[in-house]
>>> print(open('model-v4.cif').read())   # mmCIF, C-alpha atoms
data_coords
loop_
_atom_site.label_atom_id
_atom_site.label_comp_id
_atom_site.auth_asym_id
_atom_site.auth_seq_id
_atom_site.Cartn_x
_atom_site.Cartn_y
_atom_site.Cartn_z
CA ILE J 1 71.91 103.42 50.66
CA SER J 2 68.62 105.31 50.60
CA GLU J 3 66.81 101.95 50.64
CA LEU J 4 68.75 100.64 53.64
CA PRO J 5 66.05 101.19 56.31
CA ARG J 6 63.52 99.24 54.26
CA ALA J 7 66.05 96.58 53.23
CA ALA J 8 67.03 96.01 56.85
CA ARG J 9 63.40 95.66 57.89
CA TYR J 10 62.09 93.59 54.94
CA GLU J 11 64.77 91.38 53.46
CA ASP J 12 63.99 90.36 49.89
CA PRO J 13 65.70 87.03 49.01
CA THR J 14 66.22 88.35 45.52
CA LYS J 15 67.93 91.45 46.93
CA PRO J 16 70.16 90.50 49.88
CA LEU J 17 71.11 93.09 52.46
CA PRO J 18 73.88 95.30 51.13
CA LYS J 19 77.40 95.12 52.52
CA LEU J 20 78.22 98.41 54.18
CA SER J 21 81.17 100.04 55.85
CA ALA J 22 81.05 100.23 59.64
CA GLU J 23 80.66 104.00 59.40
CA THR J 24 77.64 103.80 57.07
CA ALA J 25 76.02 100.94 58.98
CA THR J 26 76.16 102.86 62.27
CA GLU J 27 75.51 106.42 61.11
CA ASN J 28 71.93 106.37 62.44
CA CYS J 29 72.82 104.73 65.76
CA ASP J 30 72.72 106.85 68.92
CA THR J 31 73.66 103.81 71.01
CA MET J 32 74.79 100.34 69.98
CA ASN J 33 74.94 97.04 71.85
CA VAL J 34 77.62 94.64 70.63
CA VAL J 35 77.31 90.86 71.10
CA LEU J 36 80.32 88.66 70.34
CA ILE J 37 79.07 85.60 68.45
CA ASP J 38 82.10 83.45 67.70
CA ASN J 39 81.31 79.82 68.49
CA PRO J 40 84.52 77.80 69.07
CA GLY J 41 82.55 74.79 70.35
CA GLY J 42 80.70 74.39 67.06
CA THR J 43 77.25 74.05 68.68
CA ASN J 44 73.99 74.99 66.92
CA GLN J 45 73.93 78.46 68.41
CA CYS J 46 70.91 80.80 68.32
CA PHE J 47 70.37 84.41 69.38
CA ALA J 48 67.12 85.89 70.67
CA LEU J 49 66.43 89.63 70.69
CA VAL J 50 63.66 90.10 73.25
CA GLY J 51 61.67 93.33 73.38
CA GLY J 52 59.31 94.60 76.06
CA GLN J 53 61.88 94.20 78.84
CA TYR J 54 64.17 96.57 80.69
CA GLN J 55 67.49 96.92 78.89
CA SER J 56 70.32 94.56 79.79
CA TYR J 57 74.05 94.58 79.17
CA HIS J 58 74.54 90.94 80.03
CA VAL J 59 73.97 87.97 77.75
CA GLN J 60 71.94 85.11 79.22
CA ARG J 61 73.07 81.67 78.13
CA TRP J 62 70.64 78.80 77.66
CA MET J 63 71.62 75.21 76.97
CA ARG J 64 69.88 71.90 76.43
CA ARG J 65 71.09 69.96 79.47
CA PRO J 66 69.72 68.03 82.46
CA ASP J 67 68.57 69.74 85.66
CA SER J 68 71.32 68.12 87.73
CA SER J 69 74.55 69.88 88.75
CA TYR J 70 76.42 67.87 86.11
CA GLY J 71 75.37 66.79 82.64
CA LYS J 72 76.42 67.03 79.03
CA MET J 73 74.58 69.08 76.45
CA ASP J 74 71.92 66.90 74.82
CA HIS J 75 69.23 67.95 72.36
CA LYS J 76 66.64 65.75 74.09
CA TYR J 77 66.46 68.23 77.02
CA PRO J 78 64.66 71.58 77.00
CA LEU J 79 66.69 74.78 77.00
CA LYS J 80 67.75 75.72 80.54
CA LEU J 81 69.31 78.92 81.90
CA THR J 82 73.00 78.06 82.27
CA SER J 83 76.21 79.56 83.60
CA ASN J 84 78.60 80.75 80.91
CA GLY J 85 81.15 78.51 82.61
CA TRP J 86 79.17 75.34 81.85
CA THR J 87 80.96 73.31 79.19
CA THR J 88 79.19 71.23 76.54
CA GLY J 89 80.79 68.22 78.22
CA GLY J 90 78.91 68.98 81.43
CA ARG J 91 81.58 70.57 83.63
CA GLN J 92 80.72 73.69 85.64
CA GLU J 93 83.83 75.88 85.49
CA PHE J 94 82.38 78.72 87.61
CA PRO J 95 80.93 77.31 90.85
CA PRO J 96 80.64 79.56 93.92
CA PRO J 97 83.50 79.29 96.43
CA LYS J 98 83.43 76.56 99.05
CA VAL J 99 83.30 77.49 102.74
CA ARG J 100 86.94 76.53 103.30
CA HIS J 101 88.05 78.73 100.42
CA VAL J 102 86.03 81.64 101.80
CA LYS J 103 87.50 81.24 105.30
CA GLU J 104 91.06 80.91 104.02
CA HIS J 105 90.65 84.01 101.90
CA GLN J 106 89.05 85.98 104.72
CA GLU J 107 92.07 85.20 106.88
CA LYS J 108 94.43 86.46 104.18
CA LEU J 109 92.34 89.59 103.65
CA ARG J 110 92.19 90.25 107.40
CA THR J 111 95.98 90.11 107.59
CA TYR J 112 96.29 92.44 104.62
CA LEU J 113 93.62 94.96 105.61
CA ASN J 114 94.77 95.20 109.22
CA ASP J 115 98.13 96.54 108.03
CA VAL J 116 97.37 97.88 104.57
CA ASP J 117 98.19 101.52 105.37
CA ASN J 118 101.61 100.63 106.73
CA ILE J 119 102.24 98.19 103.86
CA LYS J 120 101.48 100.88 101.29
CA LYS J 121 103.62 103.40 103.16
CA ARG J 122 106.61 101.04 103.17
CA LEU J 123 106.08 100.09 99.53
CA LEU J 124 105.80 103.71 98.45
CA GLU J 125 109.20 104.40 100.00
CA VAL J 126 110.64 101.64 97.82
CA LEU J 127 108.84 102.82 94.68
CA LYS J 128 110.01 106.43 95.11
CA LYS J 129 113.63 105.25 94.96
CA MET J 130 113.07 103.58 91.59
CA PRO J 131 114.05 105.62 88.50
CA THR J 132 110.69 105.46 86.71
CA LYS J 133 106.93 105.78 87.22
CA THR J 134 106.44 102.58 85.24
CA VAL J 135 107.41 99.45 87.16
CA VAL J 136 107.94 95.89 85.95
CA VAL J 137 106.32 93.74 88.64
CA MET J 138 107.32 90.12 89.22
CA THR J 139 106.64 87.72 92.07
CA CYS J 140 108.37 84.46 92.86
CA ASN J 141 108.54 81.72 95.46
CA HIS J 142 111.53 79.51 96.20
CA GLY J 143 110.24 76.70 94.02
CA GLN J 144 110.28 78.95 90.93
CA SER J 145 113.50 80.82 91.79
CA GLU J 146 115.50 79.11 89.03
CA LEU J 147 113.25 80.83 86.51
CA LEU J 148 113.92 84.19 88.17
CA MET J 149 117.66 83.51 87.89
CA ASN J 150 117.22 82.57 84.24
CA PHE J 151 115.43 85.85 83.53
CA ALA J 152 118.11 87.88 85.31
CA CYS J 153 121.00 86.15 83.51
CA SER J 154 119.29 86.43 80.12
CA ALA J 155 118.43 90.12 80.60
CA ARG J 156 121.94 91.05 81.73
CA ALA J 157 123.51 89.11 78.86
CA ARG J 158 121.51 91.32 76.48
CA GLY J 159 122.47 94.51 78.33
CA PHE J 160 119.08 95.40 79.85
CA ASP J 161 118.91 97.70 82.87
CA LEU J 162 116.92 95.96 85.61
CA LYS J 163 116.56 98.96 87.91
CA ASN J 164 112.86 99.38 87.08
CA ILE J 165 111.99 95.79 88.07
CA LEU J 166 110.35 95.21 91.44
CA VAL J 167 110.25 91.63 92.72
CA PHE J 168 107.75 90.54 95.37
CA PRO J 169 109.39 87.47 96.96
CA THR J 170 107.02 85.22 98.89
CA ASP J 171 109.67 83.79 101.26
CA LYS J 172 112.99 84.79 102.85
CA GLU J 173 115.08 82.50 100.66
CA THR J 174 113.79 84.08 97.47
CA LYS J 175 114.24 87.57 98.87
CA GLU J 176 117.89 86.87 99.63
CA LEU J 177 118.36 85.40 96.16
CA ALA J 178 116.64 88.34 94.40
CA ASP J 179 118.60 90.87 96.46
CA GLY J 180 121.80 89.06 95.56
CA MET J 181 121.00 89.38 91.86
CA GLY J 182 120.53 93.12 92.23
CA PHE J 183 116.75 93.31 91.99
CA THR J 184 114.72 95.79 94.00
CA THR J 185 112.51 93.72 96.29
CA PHE J 186 109.54 94.20 98.59
CA TYR J 187 108.88 91.42 101.07
CA GLU J 188 106.14 91.37 103.70
CA GLU J 189 106.38 88.12 105.65
CA THR J 190 102.92 88.23 107.22
CA MET J 191 101.26 89.15 103.90
CA MET J 192 102.94 86.25 102.08
CA ALA J 193 102.79 83.71 104.93
CA LYS J 194 100.07 81.59 103.28
CA VAL J 195 101.79 81.40 99.88
CA PRO J 196 103.37 77.97 99.26
CA LYS J 197 107.18 77.90 99.13
CA GLN J 198 107.61 74.88 96.86
CA GLU J 199 107.04 74.61 93.12
CA ALA J 200 103.74 73.33 91.75
CA HIS J 201 103.59 69.77 90.46
CA VAL J 202 101.04 70.51 87.72
CA TYR J 203 99.03 73.45 86.43
CA GLY J 204 96.06 74.18 88.68
CA ASP J 205 97.13 72.07 91.67
CA PRO J 206 96.73 73.50 95.21
CA ILE J 207 100.34 74.74 95.26
CA PHE J 208 99.84 76.52 91.93
CA THR J 209 96.58 78.20 92.94
CA GLY J 210 97.90 79.03 96.41
CA ALA J 211 100.80 80.94 94.86
CA MET J 212 98.42 83.02 92.73
CA TYR J 213 97.58 85.24 95.71
CA ALA J 214 101.02 86.82 95.33
CA LYS J 215 100.16 87.78 91.73
CA VAL J 216 96.97 89.47 92.95
CA ILE J 217 98.47 91.40 95.84
CA SER J 218 101.61 92.62 94.06
CA VAL J 219 99.71 94.14 91.13
CA GLN J 220 96.98 95.60 93.32
CA LEU J 221 99.43 97.40 95.62
CA VAL J 222 101.59 98.96 92.91
CA ASN J 223 98.54 99.97 90.87
CA GLU J 224 96.83 101.46 93.94
CA LEU J 225 99.85 103.66 94.62
CA GLY J 226 99.56 105.32 91.21
CA TYR J 227 102.24 103.52 89.21
CA ASP J 228 101.76 102.15 85.71
CA LEU J 229 103.06 98.59 85.61
CA LEU J 230 104.00 95.68 83.43
CA PHE J 231 103.31 92.42 85.21
CA GLN J 232 105.13 89.34 84.00
CA ASP J 233 105.64 85.80 85.22
CA VAL J 234 109.20 84.68 85.82
CA ASP J 235 109.21 82.16 82.95
CA ILE J 236 109.89 84.91 80.41
CA VAL J 237 112.98 86.29 78.67
CA TRP J 238 113.40 89.63 76.93
CA TYR J 239 114.83 90.13 73.44
CA LYS J 240 113.85 93.81 73.55
CA ASN J 241 112.75 96.06 76.39
CA PRO J 242 108.93 95.68 76.36
CA LEU J 243 108.43 99.07 78.03
CA ASP J 244 109.63 100.79 74.85
CA TYR J 245 106.54 99.42 73.12
CA PHE J 246 104.12 100.57 75.83
CA HIS J 247 105.72 104.01 76.09
CA ASP J 248 105.40 104.65 72.35
CA LYS J 249 103.17 107.72 71.91
CA SER J 250 101.51 106.15 68.85
CA LEU J 251 100.11 103.27 70.92
CA PRO J 252 96.29 103.48 71.06
CA GLU J 253 95.07 104.44 74.52
CA PHE J 254 93.64 101.58 76.59
CA ASP J 255 93.55 100.95 80.32
CA VAL J 256 94.97 97.42 80.15
CA TYR J 257 96.84 95.49 77.45
CA PHE J 258 97.06 91.69 77.29
CA GLN J 259 98.51 88.95 75.12
CA ASP J 260 95.97 86.59 73.57
CA ASP J 261 96.38 83.34 75.49
CA GLY J 262 95.19 81.34 72.48
CA SER J 263 92.84 79.10 74.45
CA ARG J 264 89.16 79.24 73.56
CA GLN J 265 87.75 77.41 76.58
CA GLU J 266 84.43 78.76 77.87
CA ARG J 267 86.03 79.97 81.09
CA TYR J 268 88.36 82.37 79.25
CA ALA J 269 85.62 84.15 77.28
CA PRO J 270 85.31 86.84 76.10
CA TYR J 271 88.97 87.87 76.01
CA SER J 272 91.27 84.85 76.49
CA ALA J 273 93.66 87.29 78.14
CA ASN J 274 97.02 85.92 79.24
CA SER J 275 97.46 86.78 82.93
CA GLY J 276 101.21 86.08 82.81
CA PHE J 277 102.16 89.21 80.84
CA TYR J 278 100.09 92.40 80.79
CA TYR J 279 100.39 96.17 81.06
CA VAL J 280 98.21 98.34 83.33
CA ARG J 281 97.76 102.09 83.39
CA SER J 282 97.06 103.29 86.92
CA ASN J 283 93.73 105.12 87.02
CA ASP J 284 90.43 104.91 88.89
CA LEU J 285 89.11 102.19 86.57
CA THR J 286 92.08 99.86 86.98
CA LYS J 287 92.32 100.49 90.71
CA HIS J 288 88.69 99.42 91.07
CA LEU J 289 89.34 96.36 88.88
CA PHE J 290 92.26 95.07 90.94
CA ARG J 291 90.56 95.82 94.26
CA HIS J 292 87.73 93.58 93.11
CA MET J 293 90.29 90.98 92.05
CA LEU J 294 91.72 91.04 95.58
CA TYR J 295 88.32 90.87 97.28
CA GLN J 296 87.14 87.96 95.10
CA ALA J 297 90.38 85.98 95.14
CA ASP J 298 88.71 83.05 96.94
CA LEU J 299 87.47 82.12 93.46
CA ILE J 300 91.04 81.48 92.29
CA GLU J 301 91.29 78.31 94.36
CA THR J 302 87.67 77.40 93.63
CA TRP J 303 88.18 77.72 89.87
CA ASP J 304 91.83 76.55 89.92
CA SER J 305 92.73 79.61 87.88
CA HIS J 306 93.91 83.19 88.39
CA GLN J 307 93.36 83.79 84.68
CA ALA J 308 89.68 82.78 84.62
CA LEU J 309 88.83 85.22 87.42
CA LEU J 310 90.76 88.08 85.85
CA VAL J 311 89.11 87.54 82.45
CA ALA J 312 85.64 87.42 84.05
CA LEU J 313 86.33 90.70 85.84
CA LEU J 314 87.67 92.31 82.67
CA GLY J 315 84.39 91.52 80.93
CA GLU J 316 82.29 92.79 83.82
CA HIS J 317 84.27 96.01 84.30
CA ASN J 318 84.32 96.66 80.56
CA SER J 319 80.51 96.48 80.55
CA LEU J 320 79.80 98.17 83.87
CA MET J 321 82.55 100.78 84.09
CA GLY J 322 83.75 101.22 80.51
CA LEU J 323 87.19 99.74 81.22
CA ARG J 324 89.14 99.81 77.96
CA VAL J 325 90.63 96.37 77.34
CA LYS J 326 93.10 95.65 74.53
CA ILE J 327 93.94 92.07 73.54
CA PHE J 328 96.87 91.82 71.16
CA PRO J 329 96.53 89.59 68.07
CA LYS J 330 97.54 85.96 68.56
CA GLU J 331 100.22 86.19 65.89
CA MET J 332 101.77 89.42 67.16
CA GLU J 333 105.54 89.15 66.66
CA GLU J 334 106.47 91.58 69.45
CA PHE J 335 105.06 89.41 72.24
CA PRO J 336 105.07 85.70 71.41
CA GLY J 337 103.82 83.47 74.21
CA GLY J 338 102.99 79.92 75.09
CA LEU J 339 100.78 79.56 72.02
CA GLN J 340 103.80 79.98 69.76
CA TYR J 341 106.19 78.09 72.03
CA HIS J 342 104.12 74.91 72.11
CA ARG J 343 103.53 74.66 68.36
#
>>> encode(input="model-v4.cif", output="structure tokens")
Amino acid sequence: ISELPRAARYEDPTKPLPKLSAETATENCDTMNVVLIDNPGGTNQCFALVGGQYQSYHVQRWMRRPDSSYGKMDHKYPLKLTSNGWTTGGRQEFPPPKVRHVKEHQEKLRTYLNDVDNIKKRLLEVLKKMPTKTVVVMTCNHGQSELLMNFACSARARGFDLKNILVFPTDKETKELADGMGFTTFYEETMMAKVPKQEAHVYGDPIFTGAMYAKVISVQLVNELGYDLLFQDVDIVWYKNPLDYFHDKSLPEFDVYFQDDGSRQERYAPYSANSGFYYVRSNDLTKHLFRHMLYQADLIETWDSHQALLVALLGEHNSLMGLRVKIFPKEMEEFPGGLQYHR
């Protein structure tokens, strides 16, 4: 150990660097920058540590590709500064929003912001009547209402109390259905007017991405009002009450907890967080996160994904604000997801 500073500076091929515990390896560090280096794409990946510059907490990505807006990675090209959403196959996953997406989102935001104080006042009245300060948040349109019925029937068959579940219906038909099943609901017609009523045909189609606004607004409002929440999509069933897990005092303290989605596409780096089931503690960090999610929601339709935007913001807020993000192991038995279902 006494030779570690010299060994780290002058590696002798006859004496490889020693393997150390994390505690020993970091005992002389006052600060430490961590770079995640897994390489699911299997490319010849290099890292450059550049001195003489101002410090940075972002990783620049360079790729051998053409100068055009589309082009596969090819070693014949020079390295070029590249978006971290650019795939090796040449697809740009993270383009800026188109004008029509910006205008549509501005209209939604205008409707929301013009009445946000009254919306929060009405919602708070509903939340105060609920028996807990932790709320299970769900949202549903008419096209997905069969899944909401399936969840309700499954939960009641197993004896779960549904009084802490708050459903945000996006249309009158779904509100009537959810009320009839005994759920607490909160429905704002003007706020949900732009959300499609029918079910999506395929993942990522305009109906699918249009419905994602309801996922943004429901979480943001409940979180803003100071309630911890578990958000879940309607295509889920409970075998145990998941809140028992999150209320366990032995659970390590994080601001947000997510399932591992299992996908290792570039657009889900660095967390591959599943945006269909996650737990949020209400605090200043998470309130800022979900406000940003709301303000940047025009990217959902541009990127055809609610999940990609949320993961990008998790990474940014972790770096900038110190948001504590926990991703559960892929093989975690308590919360199996689509990864396990589709095997």
>>> closest_residue(input="model-v4.cif", among="J:Phe328, J:Tyr112, J:Phe186, J:Phe290", to="Leu251 (chain J)", atoms="only C-alpha atoms")
J:Phe328
>>> residues_around(input="model-v4.cif", residues="Gln220 (chain J)", least_positions_apart="6", cutoff="12 Å", atoms="all atoms listed in the file", output="PyMOL selection string")
chain J and resi 112+116+120+123+137+213-214+226-229+231+280-283+286-295+297
>>> write_last_selection(input="model-v4.cif", atoms="C-alpha atoms", output="CSV table (one decimal), in the frame of the given file")
chain,number,residue,atom,x,y,z
J,112,TYR,CA,96.3,92.4,104.6
J,116,VAL,CA,97.4,97.9,104.6
J,120,LYS,CA,101.5,100.9,101.3
J,123,LEU,CA,106.1,100.1,99.5
J,137,VAL,CA,106.3,93.7,88.6
J,213,TYR,CA,97.6,85.2,95.7
J,214,ALA,CA,101.0,86.8,95.3
J,226,GLY,CA,99.6,105.3,91.2
J,227,TYR,CA,102.2,103.5,89.2
J,228,ASP,CA,101.8,102.2,85.7
J,229,LEU,CA,103.1,98.6,85.6
J,231,PHE,CA,103.3,92.4,85.2
J,280,VAL,CA,98.2,98.3,83.3
J,281,ARG,CA,97.8,102.1,83.4
J,282,SER,CA,97.1,103.3,86.9
J,283,ASN,CA,93.7,105.1,87.0
J,286,THR,CA,92.1,99.9,87.0
J,287,LYS,CA,92.3,100.5,90.7
J,288,HIS,CA,88.7,99.4,91.1
J,289,LEU,CA,89.3,96.4,88.9
J,290,PHE,CA,92.3,95.1,90.9
J,291,ARG,CA,90.6,95.8,94.3
J,292,HIS,CA,87.7,93.6,93.1
J,293,MET,CA,90.3,91.0,92.0
J,294,LEU,CA,91.7,91.0,95.6
J,295,TYR,CA,88.3,90.9,97.3
J,297,ALA,CA,90.4,86.0,95.1
>>> closest_residue(input="model-v4.cif", among="J:His317, J:Arg64, J:His58, J:Lys128", to="Leu225 (chain J)", atoms="only C-alpha atoms")
J:Lys128
>>> residues_around(input="model-v4.cif", residues="Gly182 (chain J)", least_positions_apart="5", cutoff="12 Å", atoms="all atoms listed in the file", output="PyMOL selection string")
chain J and resi 148-149+152-153+156+161-167+175-177
>>> residues_around(input="model-v4.cif", residues="Pro242 (chain J)", least_positions_apart="3", cutoff="10 Å", atoms="only C-alpha atoms", output="list of chain:residue names")
J:Val136, J:Leu230, J:Trp238, J:Tyr239, J:Tyr245, J:Phe246, J:His247, J:Tyr279, J:Glu334, J:Phe335
>>> write_last_selection(input="model-v4.cif", atoms="C-alpha atoms", output="compact mmCIF listing (two decimals), in the coordinates of the input")
# COMPACT_ATOMS: atom_id res chain seq x y z
CA VAL J 136 107.94 95.89 85.95
CA LEU J 230 104.00 95.68 83.43
CA TRP J 238 113.40 89.63 76.93
CA TYR J 239 114.83 90.13 73.44
CA TYR J 245 106.54 99.42 73.12
CA PHE J 246 104.12 100.57 75.83
CA HIS J 247 105.72 104.01 76.09
CA TYR J 279 100.39 96.17 81.06
CA GLU J 334 106.47 91.58 69.45
CA PHE J 335 105.06 89.41 72.24
>>> closest_residue(input="model-v4.cif", among="J:Leu17, J:Cys46, J:Val219, J:Ala157", to="Leu79 (chain J)", atoms="all atoms listed in the file")
J:Cys46
>>> closest_residue(input="model-v4.cif", among="J:Gln198, J:Thr82, J:Thr170, J:Ser305", to="Thr185 (chain J)", atoms="all atoms listed in the file")
J:Thr170
>>> atom_distance(input="model-v4.cif", atom1="CA of Leu320 (chain J)", atom2="CA of Gln55 (chain J)")
13.3 Å
>>> resolve_selection(input="model-v4.cif", expression="the PyMOL selection byres ((chain J and resi 302) around 8)", output="ChimeraX atom specification")
/J:95-98,101,298-301,303-305
>>> atom_distance(input="model-v4.cif", atom1="CA of Leu243 (chain J)", atom2="CA of Lys215 (chain J)")
19.6 Å
>>> resolve_selection(input="model-v4.cif", expression="the PyMOL selection byres ((chain J and resi 26-38) around 9)", output="list in words")
Ser21, Ala22, Glu23, Thr24, Ala25, Asn39, Pro40, Gln45, Phe47, Tyr57, Val59 and Pro270 of chain J
>>> write_last_selection(input="model-v4.cif", atoms="C-alpha atoms", output="compact mmCIF listing (two decimals), in the coordinates of the input")
# COMPACT_ATOMS: atom_id res chain seq x y z
CA SER J 21 81.17 100.04 55.85
CA ALA J 22 81.05 100.23 59.64
CA GLU J 23 80.66 104.00 59.40
CA THR J 24 77.64 103.80 57.07
CA ALA J 25 76.02 100.94 58.98
CA ASN J 39 81.31 79.82 68.49
CA PRO J 40 84.52 77.80 69.07
CA GLN J 45 73.93 78.46 68.41
CA PHE J 47 70.37 84.41 69.38
CA TYR J 57 74.05 94.58 79.17
CA VAL J 59 73.97 87.97 77.75
CA PRO J 270 85.31 86.84 76.10
>>> atom_distance(input="model-v4.cif", atom1="CA of Arg324 (chain J)", atom2="CA of Val216 (chain J)")
19.8 Å
>>> closest_atom_pairs(input="model-v4.cif", of="region 8-120 of chain J", to="region 207-210 of chain J", cutoff="12 Å", atoms="all atoms listed in the file", output="JSON lines")
{"residue": "J:His101", "atom": "CA", "partner": "J:Gly210", "partner_atom": "CA", "distance": 10.6}
{"residue": "J:Glu104", "atom": "CA", "partner": "J:Gly210", "partner_atom": "CA", "distance": 10.4}
{"residue": "J:His105", "atom": "CA", "partner": "J:Gly210", "partner_atom": "CA", "distance": 10.4}
{"residue": "J:Lys108", "atom": "CA", "partner": "J:Gly210", "partner_atom": "CA", "distance": 11.3}
>>> closest_residue(input="model-v4.cif", among="J:Val234, J:Met63, J:Lys330, J:Met321", to="Asn274 (chain J)", atoms="all atoms listed in the file")
J:Lys330
>>> resolve_selection(input="model-v4.cif", expression="the PyMOL selection byres ((chain J and resi 69-77) around 7)", output="list in words")
Met63, Arg64, Arg65, Pro66, Asp67, Ser68, Pro78, Leu79, Thr88, Gly89, Gly90 and Arg91 of chain J
>>> closest_residue(input="model-v4.cif", among="J:Pro13, J:Gly51, J:Gly315, J:Pro169", to="Thr139 (chain J)", atoms="only C-alpha atoms")
J:Pro169
>>> decode(input="model-v4.cif", residues="region 290-305 of chain J", atoms="N, CA, C and O atoms", output="compact mmCIF listing (two decimals), in the first residue's frame")
# COMPACT_ATOMS: atom_id res chain seq x y z
N PHE J 290 -39.46 17.38 -11.68
CA PHE J 290 -40.71 17.17 -12.41
C PHE J 290 -41.29 18.47 -12.98
O PHE J 290 -42.07 18.42 -13.92
N ARG J 291 -40.88 19.62 -12.44
CA ARG J 291 -41.21 20.87 -13.13
C ARG J 291 -40.49 20.93 -14.47
O ARG J 291 -41.07 21.31 -15.49
N HIS J 292 -39.23 20.57 -14.47
CA HIS J 292 -38.46 20.54 -15.72
C HIS J 292 -39.06 19.54 -16.70
O HIS J 292 -39.09 19.78 -17.91
N MET J 293 -39.50 18.42 -16.19
CA MET J 293 -40.15 17.41 -17.04
C MET J 293 -41.38 18.02 -17.71
O MET J 293 -41.60 17.83 -18.92
N LEU J 294 -42.16 18.75 -16.96
CA LEU J 294 -43.35 19.40 -17.51
C LEU J 294 -42.97 20.45 -18.56
O LEU J 294 -43.54 20.48 -19.66
N TYR J 295 -41.99 21.29 -18.25
CA TYR J 295 -41.62 22.37 -19.15
C TYR J 295 -40.99 21.86 -20.45
O TYR J 295 -41.06 22.52 -21.49
N GLN J 296 -40.35 20.70 -20.41
CA GLN J 296 -39.67 20.15 -21.57
C GLN J 296 -40.44 19.01 -22.24
O GLN J 296 -39.88 18.27 -23.04
N ALA J 297 -41.72 18.90 -21.94
CA ALA J 297 -42.49 17.76 -22.42
C ALA J 297 -42.73 17.78 -23.93
O ALA J 297 -43.22 16.78 -24.47
N ASP J 298 -42.38 18.86 -24.62
CA ASP J 298 -42.46 18.83 -26.09
C ASP J 298 -41.49 17.80 -26.67
O ASP J 298 -41.69 17.31 -27.79
N LEU J 299 -40.47 17.44 -25.90
CA LEU J 299 -39.52 16.44 -26.37
C LEU J 299 -40.10 15.02 -26.36
O LEU J 299 -39.57 14.14 -27.03
N ILE J 300 -41.17 14.81 -25.61
CA ILE J 300 -41.77 13.47 -25.57
C ILE J 300 -42.27 13.08 -26.95
O ILE J 300 -42.01 11.97 -27.42
N GLU J 301 -42.97 13.99 -27.61
CA GLU J 301 -43.47 13.68 -28.95
C GLU J 301 -42.35 13.73 -29.98
O GLU J 301 -42.40 13.03 -30.99
N THR J 302 -41.35 14.56 -29.76
CA THR J 302 -40.21 14.61 -30.68
C THR J 302 -39.41 13.31 -30.62
O THR J 302 -38.97 12.78 -31.65
N TRP J 303 -39.21 12.80 -29.41
CA TRP J 303 -38.40 11.59 -29.22
C TRP J 303 -39.24 10.31 -29.17
O TRP J 303 -38.69 9.22 -29.02
N ASP J 304 -40.57 10.47 -29.26
CA ASP J 304 -41.48 9.31 -29.20
C ASP J 304 -41.31 8.53 -27.91
O ASP J 304 -41.48 7.31 -27.88
N SER J 305 -41.01 9.23 -26.82
CA SER J 305 -40.73 8.50 -25.58
C SER J 305 -40.80 9.41 -24.37
O SER J 305 -40.08 10.42 -24.30
